[in-house]
Amino acid sequence: MASQISKKKAKKPKPKSSKHSKPLRVHTEEALDEYFTSLNGDRPGDLYDLVMGEVEEPLFRAVMSFTQGNQSQAAGILGINRGTLRKKLKSYSIIQ
C-alpha cells in the first residue's frame with residue numbers, strides 16, 4: 001500500500017498593512033488623475049518618461065537603502081540585472 005502524501009502549496013506571507021493603507025496602484029492612479037486635471041485640457045508630452053523618472057529614482061534609492069548599498073541584493077529584489085541596476089543608479093547620480 002503506497003502512502004499518499006498531500007502536497008500543499010506554500011502560502012506567501014501577506015504584507016503588513018493598516019486599515020487605512022492604500023495599494024501603490026491607487027496612489028499612482030490618484031496622482032495621475034491630479035496631474036491630468038492640472039493640465040486644464042492641455043495634452044501632455046513624453047508622459048511615460050516623466051512617470052518612469054518620477055517613480056524609478058525613489059524606488060532605487062529606497063531599495064539601495066534597504067539593502068545598505070548592496071547592489072547584488074538590490075538587483076535581486078528589483079528583479080533586474082546588476083548591470084542594468086548600475087546603469088540606472090548612475091543615470092540618477094545615486095552612484096558615480
# chains A, B, ... in the order shown; residues from 1 in each chain; ligands from 1
>>> residues_around(residues="segment 91-95 of chain A", least_positions_apart="3", cutoff="7 Å", atoms="only C-alpha atoms", output="ChimeraX atom specification")
/A:57,87-88
>>> residues_around(residues="segment 47-52 of chain A", least_positions_apart="3", cutoff="12 Å", atoms="only C-alpha atoms", output="ChimeraX atom specification")
/A:28-29,31-32,35-36,43-44,55-60,88,92
>>> write_last_selection(atoms="C-alpha atoms", output="PDB file, in the first residue's frame")
ATOM      1  CA  THR A  28      -0.496  56.138  -8.649  1.00  0.00           C
ATOM      2  CA  GLU A  29      -3.966  56.415 -10.169  1.00  0.00           C
ATOM      3  CA  ALA A  31      -1.579  61.135  -8.699  1.00  0.00           C
ATOM      4  CA  LEU A  32      -2.159  60.680 -12.435  1.00  0.00           C
ATOM      5  CA  TYR A  35      -1.795  65.503 -12.982  1.00  0.00           C
ATOM      6  CA  PHE A  36      -4.287  65.338 -15.850  1.00  0.00           C
ATOM      7  CA  ARG A  43      -2.067  67.449 -23.896  1.00  0.00           C
ATOM      8  CA  PRO A  44       0.938  66.006 -22.020  1.00  0.00           C
ATOM      9  CA  VAL A  55       8.976  56.536  -9.872  1.00  0.00           C
ATOM     10  CA  GLU A  56      12.323  54.902 -10.649  1.00  0.00           C
ATOM     11  CA  GLU A  57      14.626  57.223  -8.756  1.00  0.00           C
ATOM     12  CA  PRO A  58      12.854  56.970  -5.370  1.00  0.00           C
ATOM     13  CA  LEU A  59      12.396  53.226  -5.952  1.00  0.00           C
ATOM     14  CA  PHE A  60      16.120  52.716  -6.498  1.00  0.00           C
ATOM     15  CA  LYS A  88      20.164  53.297 -13.656  1.00  0.00           C
ATOM     16  CA  TYR A  92      20.119  59.204 -11.301  1.00  0.00           C
TER      17      TYR A  92
END
>>> atom_distance(atom1="atom CA of Gly83 of chain A", atom2="atom CA of Arg25 of chain A")
27.6 Å
>>> select_by_dssp(residues="segment 21-74 of chain A", states="alpha helix (DSSP H)", output="JSON, numbers by chain")
{"A": [24, 25, 26, 27, 28, 29, 30, 31, 32, 33, 34, 35, 36, 37, 38, 47, 48, 49, 50, 51, 52, 53, 54, 55, 56, 57, 58, 59, 60, 61, 62, 63, 64, 65, 66, 71, 72, 73, 74]}
>>> residues_around(residues="Gln96 of chain A", least_positions_apart="6", cutoff="10 Å", atoms="only C-alpha atoms", output="list in words")
Arg86, Lys87, Leu89 and Lys90 of chain A
>>> atom_distance(atom1="atom CA of Ile77 of chain A", atom2="atom CA of Met64 of chain A")
9.9 Å
>>> residues_around(residues="Ala74 of chain A", least_positions_apart="6", cutoff="9 Å", atoms="only C-alpha atoms", output="list in words")
Phe60, Val63, Met64, Phe66, Thr67, Ile80, Arg82 and Leu85 of chain A
